[in-house]
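Structure record follows, encoded as structure tokens.
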2 protein chains.
Amino acid sequence: MEIKDTIDLLKSRGYRITPQRVAIIRILKDHEGHPGAEEVFRYAIQLYPNISMATVYNVMEVLEKEGIIRAIAVSKNLRLYDSDIKPHSHFICNSCRKVFDIPSNYYEACTKELPLELADFEVDSLELIYKGLCSDCKKTK
Amino acid sequence: MEIKDTIDLLKSRGYRITPQRVAIIRILKDHEGHPGAEEVFRYAIQLYPNISMATVYNVMEVLEKEGIIRAIAVSKNLRLYDSDIKPHSHFICNSCRKVFDIPSNYYEACTKELPLELADFEVDSLELIYKGLCSDCKKTK
DNA sequence: CTGTCTGCAAACCATTTGCAATCGT
DNA sequence: ACGATTGCAAATGGTTTGCAGACAG
């Protein structure tokens, strides 16, 4: 999604377009990958020297709530974000904590063909996460 | 798995069988569901009044490491445990935070037929988590 | 103008840690 | 005995909160 589209989306939902929000949207666009709040903050502070962590968290929460990014619980004290919202699964390395985007035929199958047990539930999202050791960490082991 | 089997497993891996560990293993056996550390602690303190949270965390970590239980990252500050390690997926209610065990045909399919991108990786586990609103919370909404 | 958003610093809280005493083997 | 484990209390660290001032619409 283009930056402008994201901004229009937020505007249409009643959010104010502050320079901090624009900066973070741009950062997420320019740095594909899986940044955490800390990393977003480090980039943001260069575009906007007075920005605070509280604002970063605030903006990330808005973006997540509006379905613009996905949060990934990597481990107890590491939450990363994924600005690619196309259906895909993740691999998390238990050693280096890196997150890999993994295309998965099953991801879409799982969302389309829900288990009977979920018939009465409202299913909003699916997380399909493999964990283990990435190829680099596997060698070093 | 029977309590005795779990104890034998731990013993065979060099762990000491302390009454605290036995108490927690029994608690997990007797209270199916998805308790958190706090809930385990509340039960444990009745069997063993001097037990501390640190010990509960210690034991849960051992059990998780040895594949006897699974940890579920429900939300930022809520981690629950599942003592059922048979292959199945989870549904987490975004409102009441309850965890539901969901049988899933795809869970096993995902583990057996790994995406090509994971060929060089060591895959140790899979999490398949649906999120949304459970039937009760859906009504109240 | 008006109510939302930001930045600061302090608060939060589940989890972890250091360490002396205890206990399993 | 000996080293693993416990319990306590303090520390940790990512995230949240309260609030006064700034600012978008």
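Order determines the names: the first chain of the structure tokens is A, the second B, and so forth; residues in each chain are numbered 1 upward, and ligands are numbered 1 upward as they are shown.
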For a quick test of understanding: name the residues of chain C lying within 12 Å of chain A when counting only C-alpha atoms (C1' of nucleotides), and present them as a list in words.
DG3, DT4, DC5, DT6, DG7, DC8, DA9, DA14, DT15 and DT16 of chain C
Just to be explicit: take each residue in the selection above, keep N, CA and C atoms (P, O5', C5', C4', C3', O3' and C1' of nucleotides), and write the result as a PDB file, in the first residue's frame.
ATOM      1  P    DG C   3     -14.587  19.850  22.774  1.00  0.00           P
ATOM      2  O5'  DG C   3     -13.984  18.498  22.216  1.00  0.00           O
ATOM      3  C5'  DG C   3     -14.008  18.231  20.809  1.00  0.00           C
ATOM      4  C4'  DG C   3     -12.747  17.496  20.427  1.00  0.00           C
ATOM      5  C3'  DG C   3     -12.353  16.377  21.381  1.00  0.00           C
ATOM      6  O3'  DG C   3     -11.821  15.330  20.603  1.00  0.00           O
ATOM      7  C1'  DG C   3     -10.579  17.884  21.222  1.00  0.00           C
ATOM      8  P    DT C   4     -11.472  13.920  21.174  1.00  0.00           P
ATOM      9  O5'  DT C   4     -10.146  13.612  20.346  1.00  0.00           O
ATOM     10  C5'  DT C   4     -10.101  13.936  18.958  1.00  0.00           C
ATOM     11  C4'  DT C   4      -8.659  14.066  18.527  1.00  0.00           C
ATOM     12  C3'  DT C   4      -7.781  12.875  18.907  1.00  0.00           C
ATOM     13  O3'  DT C   4      -6.997  12.570  17.767  1.00  0.00           O
ATOM     14  C1'  DT C   4      -6.813  14.871  19.720  1.00  0.00           C
ATOM     15  P    DC C   5      -6.069  11.308  17.751  1.00  0.00           P
ATOM     16  O5'  DC C   5      -4.658  11.945  18.140  1.00  0.00           O
ATOM     17  C5'  DC C   5      -4.122  12.957  17.285  1.00  0.00           C
ATOM     18  C4'  DC C   5      -2.780  13.408  17.821  1.00  0.00           C
ATOM     19  C3'  DC C   5      -1.862  12.275  18.247  1.00  0.00           C
ATOM     20  O3'  DC C   5      -0.620  12.449  17.565  1.00  0.00           O
ATOM     21  C1'  DC C   5      -2.036  13.913  19.961  1.00  0.00           C
ATOM     22  P    DT C   6       0.635  11.561  17.938  1.00  0.00           P
ATOM     23  O5'  DT C   6       1.464  12.537  18.882  1.00  0.00           O
ATOM     24  C5'  DT C   6       1.889  13.792  18.364  1.00  0.00           C
ATOM     25  C4'  DT C   6       2.737  14.525  19.391  1.00  0.00           C
ATOM     26  C3'  DT C   6       3.930  13.723  19.895  1.00  0.00           C
ATOM     27  O3'  DT C   6       5.096  14.548  19.789  1.00  0.00           O
ATOM     28  C1'  DT C   6       2.602  14.482  21.724  1.00  0.00           C
ATOM     29  P    DG C   7       6.550  13.911  19.869  1.00  0.00           P
ATOM     30  O5'  DG C   7       6.922  14.227  21.384  1.00  0.00           O
ATOM     31  C5'  DG C   7       7.036  15.579  21.787  1.00  0.00           C
ATOM     32  C4'  DG C   7       7.364  15.644  23.267  1.00  0.00           C
ATOM     33  C3'  DG C   7       8.494  14.725  23.727  1.00  0.00           C
ATOM     34  O3'  DG C   7       9.324  15.488  24.590  1.00  0.00           O
ATOM     35  C1'  DG C   7       6.535  14.295  24.996  1.00  0.00           C
ATOM     36  P    DC C   8      10.776  15.000  24.950  1.00  0.00           P
ATOM     37  O5'  DC C   8      10.710  14.794  26.537  1.00  0.00           O
ATOM     38  C5'  DC C   8      10.192  15.848  27.356  1.00  0.00           C
ATOM     39  C4'  DC C   8       9.609  15.278  28.631  1.00  0.00           C
ATOM     40  C3'  DC C   8      10.471  14.221  29.307  1.00  0.00           C
ATOM     41  O3'  DC C   8      11.125  14.808  30.437  1.00  0.00           O
ATOM     42  C1'  DC C   8       8.125  13.711  29.401  1.00  0.00           C
ATOM     43  P    DA C   9      12.299  13.984  31.180  1.00  0.00           P
ATOM     44  O5'  DA C   9      11.547  13.492  32.486  1.00  0.00           O
ATOM     45  C5'  DA C   9      10.412  14.213  32.981  1.00  0.00           C
ATOM     46  C4'  DA C   9       9.634  13.317  33.902  1.00  0.00           C
ATOM     47  C3'  DA C   9      10.519  12.320  34.656  1.00  0.00           C
ATOM     48  O3'  DA C   9      10.111  12.266  36.010  1.00  0.00           O
ATOM     49  C1'  DA C   9       8.846  11.160  33.438  1.00  0.00           C
ATOM     50  P    DA C  14       0.962  -8.882  36.413  1.00  0.00           P
ATOM     51  O5'  DA C  14       1.534 -10.109  35.550  1.00  0.00           O
ATOM     52  C5'  DA C  14       1.561  -9.969  34.142  1.00  0.00           C
ATOM     53  C4'  DA C  14       2.922 -10.338  33.630  1.00  0.00           C
ATOM     54  C3'  DA C  14       3.419 -11.722  34.029  1.00  0.00           C
ATOM     55  O3'  DA C  14       3.956 -12.354  32.884  1.00  0.00           O
ATOM     56  C1'  DA C  14       5.032 -10.091  34.630  1.00  0.00           C
ATOM     57  P    DT C  15       4.416 -13.858  32.941  1.00  0.00           P
ATOM     58  O5'  DT C  15       5.984 -13.705  33.201  1.00  0.00           O
ATOM     59  C5'  DT C  15       6.764 -13.007  32.248  1.00  0.00           C
ATOM     60  C4'  DT C  15       8.147 -12.783  32.771  1.00  0.00           C
ATOM     61  C3'  DT C  15       8.898 -14.050  33.209  1.00  0.00           C
ATOM     62  O3'  DT C  15      10.020 -14.200  32.356  1.00  0.00           O
ATOM     63  C1'  DT C  15       9.225 -12.240  34.724  1.00  0.00           C
ATOM     64  P    DT C  16      11.102 -15.299  32.576  1.00  0.00           P
ATOM     65  O5'  DT C  16      12.231 -14.511  33.383  1.00  0.00           O
ATOM     66  C5'  DT C  16      12.642 -13.247  32.899  1.00  0.00           C
ATOM     67  C4'  DT C  16      13.804 -12.742  33.743  1.00  0.00           C
ATOM     68  C3'  DT C  16      14.845 -13.799  34.086  1.00  0.00           C
ATOM     69  O3'  DT C  16      16.118 -13.229  33.782  1.00  0.00           O
ATOM     70  C1'  DT C  16      14.097 -12.731  36.061  1.00  0.00           C
TER      71       DT C  16
END
Atom CA of A:Cys134 and atom CA of A:Glu61, how far apart in Å?
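Rounded to one decimal, the two atoms are 29.0 Å apart.
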Show me, as a compact mmCIF listing (two decimals) with N, CA, C and O atoms (P, O5', C5', C4', C3', O3' and C1' of nucleotides), in the first residue's frame, the residues that have an atom within 12 Å of B:Arg21 when counting only C-alpha atoms (C1' of nucleotides), minus same-chain residues fewer than 2 positions from it.
# COMPACT_ATOMS: atom_id res chain seq x y z
N ILE B 3 1.30 -38.86 35.47
CA ILE B 3 2.22 -38.11 36.33
C ILE B 3 3.53 -38.86 36.51
O ILE B 3 4.62 -38.30 36.40
N THR B 6 5.76 -38.55 33.55
CA THR B 6 6.40 -37.24 33.48
C THR B 6 7.59 -37.18 34.43
O THR B 6 8.67 -36.71 34.08
N ILE B 7 7.37 -37.70 35.65
CA ILE B 7 8.44 -37.70 36.64
C ILE B 7 9.62 -38.55 36.18
O ILE B 7 10.78 -38.13 36.28
N LEU B 10 11.58 -36.64 33.58
CA LEU B 10 12.45 -35.61 34.16
C LEU B 10 13.67 -36.25 34.83
O LEU B 10 14.80 -35.80 34.67
N LYS B 11 13.40 -37.34 35.57
CA LYS B 11 14.48 -38.02 36.27
C LYS B 11 15.53 -38.50 35.26
O LYS B 11 16.73 -38.30 35.44
N TYR B 15 16.98 -34.23 36.04
CA TYR B 15 16.37 -33.27 36.94
C TYR B 15 16.06 -33.94 38.27
O TYR B 15 15.78 -35.14 38.33
N ARG B 16 16.09 -33.16 39.34
CA ARG B 16 15.73 -33.69 40.66
C ARG B 16 14.24 -33.60 40.86
O ARG B 16 13.60 -32.64 40.42
N ILE B 17 13.71 -34.58 41.53
CA ILE B 17 12.28 -34.62 41.75
C ILE B 17 11.96 -34.00 43.09
O ILE B 17 11.97 -34.66 44.12
N THR B 18 11.66 -32.71 43.06
CA THR B 18 11.33 -32.01 44.30
C THR B 18 9.82 -32.03 44.48
O THR B 18 9.08 -32.17 43.52
N PRO B 19 9.38 -31.89 45.72
CA PRO B 19 7.92 -31.87 45.96
C PRO B 19 7.24 -30.72 45.22
O PRO B 19 6.10 -30.87 44.76
N ALA B 23 4.18 -31.28 42.77
CA ALA B 23 2.92 -30.57 43.01
C ALA B 23 2.45 -29.88 41.74
O ALA B 23 1.27 -29.97 41.37
N ILE B 24 3.34 -29.22 41.04
CA ILE B 24 2.94 -28.49 39.84
C ILE B 24 2.53 -29.44 38.72
O ILE B 24 1.56 -29.20 38.01
N ILE B 25 3.25 -30.52 38.59
CA ILE B 25 2.87 -31.51 37.58
C ILE B 25 1.47 -32.03 37.88
O ILE B 25 0.63 -32.16 36.98
N ARG B 26 1.18 -32.29 39.15
CA ARG B 26 -0.14 -32.77 39.53
C ARG B 26 -1.21 -31.71 39.24
O ARG B 26 -2.29 -32.02 38.74
N ILE B 27 -0.90 -30.47 39.56
CA ILE B 27 -1.85 -29.37 39.33
C ILE B 27 -2.20 -29.28 37.84
O ILE B 27 -3.37 -29.15 37.47
N LEU B 28 -1.19 -29.37 37.00
CA LEU B 28 -1.44 -29.27 35.55
C LEU B 28 -2.29 -30.44 35.08
O LEU B 28 -3.12 -30.29 34.18
N VAL B 40 -1.35 -21.22 38.48
CA VAL B 40 -0.61 -22.39 38.97
C VAL B 40 -0.13 -22.11 40.39
O VAL B 40 -0.22 -22.96 41.27
N PHE B 41 0.36 -20.90 40.59
CA PHE B 41 0.86 -20.52 41.91
C PHE B 41 -0.24 -20.61 42.98
O PHE B 41 -0.02 -21.12 44.07
N ALA B 44 -0.75 -24.10 43.78
CA ALA B 44 0.44 -24.70 44.36
C ALA B 44 0.61 -24.31 45.82
O ALA B 44 1.02 -25.12 46.65
N LEU B 47 -1.06 -26.68 48.17
CA LEU B 47 -0.39 -27.94 48.39
C LEU B 47 0.94 -27.74 49.11
O LEU B 47 1.44 -28.63 49.78
N TYR B 48 1.49 -26.55 48.94
CA TYR B 48 2.85 -26.33 49.38
C TYR B 48 3.01 -24.86 49.75
O TYR B 48 3.50 -24.06 48.96
N ILE B 51 5.79 -22.20 48.70
CA ILE B 51 6.30 -22.10 47.33
C ILE B 51 6.29 -20.65 46.86
O ILE B 51 5.45 -19.85 47.30
N THR B 55 9.84 -20.15 41.89
CA THR B 55 9.86 -21.60 41.69
C THR B 55 8.85 -22.02 40.63
O THR B 55 9.14 -22.88 39.78
N VAL B 56 7.68 -21.41 40.67
CA VAL B 56 6.68 -21.74 39.65
C VAL B 56 7.26 -21.45 38.26
O VAL B 56 7.21 -22.30 37.37
N TYR B 57 7.85 -20.29 38.09
CA TYR B 57 8.44 -19.96 36.79
C TYR B 57 9.55 -20.95 36.43
O TYR B 57 9.65 -21.40 35.29
N ASN B 58 10.37 -21.27 37.40
CA ASN B 58 11.45 -22.23 37.18
C ASN B 58 10.89 -23.56 36.68
O ASN B 58 11.33 -24.08 35.66
N VAL B 59 9.89 -24.08 37.37
CA VAL B 59 9.33 -25.39 36.99
C VAL B 59 8.66 -25.32 35.62
O VAL B 59 8.87 -26.21 34.78
N MET B 60 7.90 -24.26 35.39
CA MET B 60 7.23 -24.15 34.09
C MET B 60 8.25 -24.11 32.96
O MET B 60 8.04 -24.69 31.90
N GLU B 61 9.36 -23.45 33.21
CA GLU B 61 10.40 -23.36 32.19
C GLU B 61 10.99 -24.74 31.89
O GLU B 61 11.20 -25.10 30.74
N VAL B 62 11.22 -25.50 32.94
CA VAL B 62 11.74 -26.85 32.76
C VAL B 62 10.74 -27.69 31.97
O VAL B 62 11.11 -28.36 31.00
N LEU B 63 9.49 -27.63 32.36
CA LEU B 63 8.47 -28.44 31.69
C LEU B 63 8.34 -28.04 30.23
O LEU B 63 8.17 -28.89 29.35
P DT D 5 17.99 -29.03 39.17
O5' DT D 5 17.37 -28.30 40.46
C5' DT D 5 16.86 -29.11 41.51
C4' DT D 5 16.26 -28.24 42.58
C3' DT D 5 15.34 -27.13 42.06
O3' DT D 5 14.10 -27.26 42.75
C1' DT D 5 16.89 -26.26 43.61
P DT D 6 12.88 -26.28 42.50
O5' DT D 6 12.87 -25.45 43.85
C5' DT D 6 12.81 -26.14 45.10
C4' DT D 6 13.00 -25.16 46.23
C3' DT D 6 12.03 -23.98 46.18
O3' DT D 6 11.29 -23.93 47.41
C1' DT D 6 14.29 -23.25 46.47
Interface list for chain D, partner chain A, 12 Å threshold, only C-alpha atoms (C1' of nucleotides), as an MDAnalysis selection string:
chainID D and resid 12:17 22:25
Apply DSSP to the backbone of this structure and, from stretch 3-121 of chain B, keep only the residues in helix (DSSP H, G or I); write these as a PyMOL selection string.
chain B and resi 3-12+19-30+37-47+53-65+105-112+116-118
Interface, chain A side, toward chain B (8 Å; only C-alpha atoms) as a ChimeraX atom specification
/A:73,76,102-104,106,110,115,117-118,120-135,138
As a compact mmCIF listing (two decimals) with all heavy atoms, in the first residue's frame, please: every residue in chain B that a backbone DSSP assignment puts in strand (DSSP E).
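Saved the output as result-v7.txt:
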# COMPACT_ATOMS: atom_id res chain seq x y z
N ARG B 70 3.20 -26.57 26.61
CA ARG B 70 3.46 -25.55 25.60
C ARG B 70 3.09 -24.20 26.19
O ARG B 70 2.08 -24.08 26.89
CB ARG B 70 2.54 -25.76 24.38
CG ARG B 70 3.00 -26.82 23.42
CD ARG B 70 2.48 -26.51 22.02
NE ARG B 70 1.19 -27.10 21.72
CZ ARG B 70 0.46 -26.76 20.66
NH1 ARG B 70 0.87 -25.80 19.83
NH2 ARG B 70 -0.70 -27.34 20.42
N ALA B 71 3.86 -23.18 25.89
CA ALA B 71 3.51 -21.84 26.33
C ALA B 71 2.76 -21.14 25.20
O ALA B 71 3.05 -21.35 24.03
CB ALA B 71 4.75 -21.06 26.71
N ILE B 72 1.78 -20.32 25.58
CA ILE B 72 1.01 -19.59 24.59
C ILE B 72 1.08 -18.10 24.90
O ILE B 72 0.68 -17.67 25.98
CB ILE B 72 -0.48 -20.01 24.63
CG1 ILE B 72 -0.61 -21.54 24.56
CG2 ILE B 72 -1.26 -19.35 23.50
CD1 ILE B 72 -1.99 -22.02 24.95
N ALA B 73 1.58 -17.32 23.95
CA ALA B 73 1.65 -15.88 24.15
C ALA B 73 0.30 -15.29 23.81
O ALA B 73 -0.01 -15.03 22.65
CB ALA B 73 2.74 -15.29 23.28
N VAL B 74 -0.53 -15.07 24.82
CA VAL B 74 -1.89 -14.60 24.59
C VAL B 74 -1.91 -13.13 24.24
O VAL B 74 -2.55 -12.70 23.30
CB VAL B 74 -2.78 -14.88 25.82
CG1 VAL B 74 -4.15 -14.28 25.63
CG2 VAL B 74 -2.87 -16.38 26.06
N SER B 75 -1.21 -12.34 25.03
CA SER B 75 -1.10 -10.91 24.74
C SER B 75 0.16 -10.41 25.42
O SER B 75 0.88 -11.17 26.05
CB SER B 75 -2.34 -10.16 25.22
OG SER B 75 -2.43 -10.24 26.63
N LEU B 78 0.30 -11.48 29.07
CA LEU B 78 -0.41 -12.68 29.50
C LEU B 78 0.13 -13.89 28.76
O LEU B 78 -0.03 -14.02 27.55
CB LEU B 78 -1.93 -12.54 29.24
CG LEU B 78 -2.78 -13.71 29.72
CD1 LEU B 78 -2.58 -13.95 31.21
CD2 LEU B 78 -4.25 -13.48 29.42
N ARG B 79 0.80 -14.75 29.52
CA ARG B 79 1.32 -15.99 28.97
C ARG B 79 0.62 -17.14 29.66
O ARG B 79 0.67 -17.26 30.88
CB ARG B 79 2.82 -16.12 29.24
CG ARG B 79 3.71 -15.30 28.34
CD ARG B 79 5.09 -15.20 28.92
NE ARG B 79 5.70 -16.50 29.14
CZ ARG B 79 6.22 -17.24 28.17
NH1 ARG B 79 6.19 -16.81 26.93
NH2 ARG B 79 6.76 -18.40 28.43
N LEU B 80 -0.02 -18.00 28.89
CA LEU B 80 -0.69 -19.15 29.48
C LEU B 80 0.01 -20.41 29.02
O LEU B 80 0.82 -20.39 28.09
CB LEU B 80 -2.17 -19.16 29.05
CG LEU B 80 -2.98 -17.92 29.44
CD1 LEU B 80 -4.42 -18.04 28.97
CD2 LEU B 80 -2.93 -17.67 30.94
N TYR B 81 -0.32 -21.50 29.69
CA TYR B 81 0.31 -22.77 29.36
C TYR B 81 -0.74 -23.80 28.96
O TYR B 81 -1.88 -23.73 29.40
CB TYR B 81 1.11 -23.29 30.56
CG TYR B 81 2.24 -22.38 30.94
CD1 TYR B 81 2.08 -21.40 31.92
CD2 TYR B 81 3.46 -22.46 30.29
CE1 TYR B 81 3.12 -20.55 32.26
CE2 TYR B 81 4.50 -21.62 30.62
CZ TYR B 81 4.33 -20.67 31.61
OH TYR B 81 5.35 -19.82 31.93
N ASP B 82 -0.32 -24.72 28.12
CA ASP B 82 -1.20 -25.79 27.68
C ASP B 82 -0.49 -27.11 27.95
O ASP B 82 0.59 -27.35 27.43
CB ASP B 82 -1.46 -25.64 26.17
CG ASP B 82 -2.58 -26.56 25.71
OD1 ASP B 82 -2.97 -27.45 26.49
OD2 ASP B 82 -3.07 -26.37 24.59
N SER B 89 -4.56 -26.62 17.18
CA SER B 89 -4.36 -25.18 17.12
C SER B 89 -5.14 -24.50 18.24
O SER B 89 -5.82 -25.15 19.03
CB SER B 89 -4.77 -24.65 15.75
OG SER B 89 -6.07 -25.06 15.43
N HIS B 90 -5.00 -23.18 18.32
CA HIS B 90 -5.64 -22.43 19.39
C HIS B 90 -6.48 -21.28 18.84
O HIS B 90 -6.18 -20.73 17.78
CB HIS B 90 -4.58 -21.85 20.34
CG HIS B 90 -3.91 -22.89 21.18
ND1 HIS B 90 -2.55 -23.10 21.17
CD2 HIS B 90 -4.42 -23.80 22.03
CE1 HIS B 90 -2.26 -24.10 21.99
NE2 HIS B 90 -3.37 -24.54 22.52
N PHE B 91 -7.51 -20.96 19.60
CA PHE B 91 -8.25 -19.73 19.33
C PHE B 91 -8.11 -18.86 20.57
O PHE B 91 -8.36 -19.33 21.69
CB PHE B 91 -9.73 -20.02 19.06
CG PHE B 91 -10.53 -18.76 18.86
CD1 PHE B 91 -10.67 -18.21 17.59
CD2 PHE B 91 -11.13 -18.12 19.94
CE1 PHE B 91 -11.39 -17.04 17.40
CE2 PHE B 91 -11.84 -16.94 19.75
CZ PHE B 91 -11.98 -16.40 18.48
N ILE B 92 -7.70 -17.62 20.39
CA ILE B 92 -7.58 -16.70 21.51
C ILE B 92 -8.60 -15.59 21.36
O ILE B 92 -8.65 -14.93 20.32
CB ILE B 92 -6.16 -16.10 21.57
CG1 ILE B 92 -5.12 -17.21 21.78
CG2 ILE B 92 -6.07 -15.06 22.67
CD1 ILE B 92 -3.68 -16.72 21.74
N CYS B 93 -9.42 -15.42 22.38
CA CYS B 93 -10.44 -14.35 22.33
C CYS B 93 -9.80 -13.02 22.70
O CYS B 93 -9.22 -12.88 23.78
CB CYS B 93 -11.59 -14.66 23.26
SG CYS B 93 -12.82 -13.33 23.26
N VAL B 99 -8.42 -19.02 26.06
CA VAL B 99 -7.79 -19.83 25.01
C VAL B 99 -8.62 -21.09 24.78
O VAL B 99 -9.02 -21.75 25.74
CB VAL B 99 -6.36 -20.23 25.41
CG1 VAL B 99 -5.76 -21.17 24.38
CG2 VAL B 99 -5.49 -19.00 25.58
N PHE B 100 -8.93 -21.38 23.55
CA PHE B 100 -9.69 -22.58 23.21
C PHE B 100 -8.80 -23.52 22.40
O PHE B 100 -8.10 -23.07 21.48
CB PHE B 100 -10.92 -22.21 22.37
CG PHE B 100 -11.88 -21.29 23.06
CD1 PHE B 100 -11.64 -19.91 23.10
CD2 PHE B 100 -13.02 -21.78 23.68
CE1 PHE B 100 -12.54 -19.05 23.74
CE2 PHE B 100 -13.91 -20.94 24.32
CZ PHE B 100 -13.67 -19.56 24.35
N ASP B 101 -8.84 -24.79 22.74
CA ASP B 101 -8.14 -25.78 21.93
C ASP B 101 -8.98 -26.10 20.71
O ASP B 101 -10.16 -26.41 20.84
CB ASP B 101 -7.91 -27.06 22.74
CG ASP B 101 -6.86 -26.86 23.81
OD1 ASP B 101 -5.91 -26.12 23.57
OD2 ASP B 101 -7.01 -27.46 24.90
N ILE B 102 -8.37 -26.03 19.55
CA ILE B 102 -9.11 -26.27 18.31
C ILE B 102 -8.42 -27.38 17.52
O ILE B 102 -7.25 -27.25 17.17
CB ILE B 102 -9.13 -25.00 17.43
CG1 ILE B 102 -9.66 -23.81 18.21
CG2 ILE B 102 -9.92 -25.24 16.16
CD1 ILE B 102 -11.11 -23.91 18.58
N GLU B 122 15.97 -25.66 10.84
CA GLU B 122 15.54 -26.73 11.74
C GLU B 122 14.23 -26.28 12.37
O GLU B 122 14.21 -25.34 13.16
CB GLU B 122 16.61 -26.95 12.82
CG GLU B 122 16.19 -27.97 13.86
CD GLU B 122 17.18 -28.05 15.01
OE1 GLU B 122 18.39 -28.06 14.75
OE2 GLU B 122 16.72 -28.08 16.17
N VAL B 123 13.15 -26.92 12.00
CA VAL B 123 11.84 -26.53 12.52
C VAL B 123 11.50 -27.39 13.73
O VAL B 123 11.42 -28.60 13.63
CB VAL B 123 10.76 -26.69 11.43
CG1 VAL B 123 9.39 -26.32 12.00
CG2 VAL B 123 11.09 -25.83 10.21
N ASP B 124 11.33 -26.73 14.88
CA ASP B 124 11.08 -27.47 16.11
C ASP B 124 9.62 -27.47 16.51
O ASP B 124 9.15 -28.39 17.17
CB ASP B 124 11.90 -26.87 17.25
CG ASP B 124 13.39 -27.02 17.01
OD1 ASP B 124 13.78 -27.99 16.35
OD2 ASP B 124 14.16 -26.14 17.46
N SER B 125 8.90 -26.40 16.16
CA SER B 125 7.51 -26.34 16.60
C SER B 125 6.68 -25.47 15.68
O SER B 125 7.21 -24.69 14.88
CB SER B 125 7.42 -25.81 18.03
OG SER B 125 7.89 -24.47 18.06
N LEU B 126 5.39 -25.61 15.81
CA LEU B 126 4.46 -24.83 15.00
C LEU B 126 3.36 -24.27 15.89
O LEU B 126 2.87 -24.97 16.77
CB LEU B 126 3.82 -25.72 13.91
CG LEU B 126 2.67 -25.10 13.14
CD1 LEU B 126 3.14 -23.92 12.30
CD2 LEU B 126 1.99 -26.13 12.26
N GLU B 127 3.02 -23.02 15.68
CA GLU B 127 1.88 -22.44 16.38
C GLU B 127 0.87 -21.99 15.34
O GLU B 127 1.22 -21.29 14.39
CB GLU B 127 2.32 -21.25 17.23
CG GLU B 127 3.15 -21.66 18.43
CD GLU B 127 3.86 -20.48 19.06
OE1 GLU B 127 3.33 -19.35 18.98
OE2 GLU B 127 4.95 -20.70 19.61
N LEU B 128 -0.36 -22.42 15.53
CA LEU B 128 -1.43 -22.07 14.60
C LEU B 128 -2.52 -21.43 15.44
O LEU B 128 -3.25 -22.12 16.14
CB LEU B 128 -1.92 -23.35 13.91
CG LEU B 128 -2.95 -23.30 12.82
CD1 LEU B 128 -2.65 -22.22 11.80
CD2 LEU B 128 -3.02 -24.65 12.12
N ILE B 129 -2.59 -20.12 15.41
CA ILE B 129 -3.43 -19.39 16.35
C ILE B 129 -4.45 -18.50 15.66
O ILE B 129 -4.09 -17.57 14.93
CB ILE B 129 -2.57 -18.52 17.29
CG1 ILE B 129 -1.55 -19.39 18.02
CG2 ILE B 129 -3.44 -17.77 18.28
CD1 ILE B 129 -0.55 -18.60 18.84
N TYR B 130 -5.70 -18.79 15.89
CA TYR B 130 -6.77 -17.92 15.41
C TYR B 130 -7.07 -16.89 16.50
O TYR B 130 -7.05 -17.22 17.68
CB TYR B 130 -8.04 -18.72 15.15
CG TYR B 130 -7.93 -19.77 14.08
CD1 TYR B 130 -7.55 -21.08 14.39
CD2 TYR B 130 -8.20 -19.47 12.75
CE1 TYR B 130 -7.45 -22.06 13.40
CE2 TYR B 130 -8.10 -20.44 11.75
CZ TYR B 130 -7.72 -21.73 12.09
OH TYR B 130 -7.62 -22.69 11.12
N LYS B 131 -7.36 -15.67 16.09
CA LYS B 131 -7.75 -14.67 17.08
C LYS B 131 -9.04 -13.99 16.64
O LYS B 131 -9.33 -13.89 15.45
CB LYS B 131 -6.65 -13.61 17.25
CG LYS B 131 -5.39 -14.17 17.86
CD LYS B 131 -4.42 -13.07 18.28
CE LYS B 131 -3.22 -13.70 18.98
NZ LYS B 131 -2.25 -12.69 19.46
N GLY B 132 -9.80 -13.53 17.60
CA GLY B 132 -11.06 -12.88 17.30
C GLY B 132 -11.92 -12.80 18.55
O GLY B 132 -11.41 -12.53 19.63
N LEU B 133 -13.22 -13.02 18.40
CA LEU B 133 -14.12 -12.98 19.55
C LEU B 133 -14.77 -14.35 19.72
O LEU B 133 -15.29 -14.92 18.75
CB LEU B 133 -15.20 -11.93 19.33
CG LEU B 133 -14.74 -10.47 19.29
CD1 LEU B 133 -15.93 -9.56 18.99
CD2 LEU B 133 -14.10 -10.07 20.61
Atom CA of A:Glu66 to atom CA of A:Arg13, straight-line distance in Å:
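Taking atom CA of A:Arg13 as the start and atom CA of A:Glu66 as the end point, the length is 8.8 Å.
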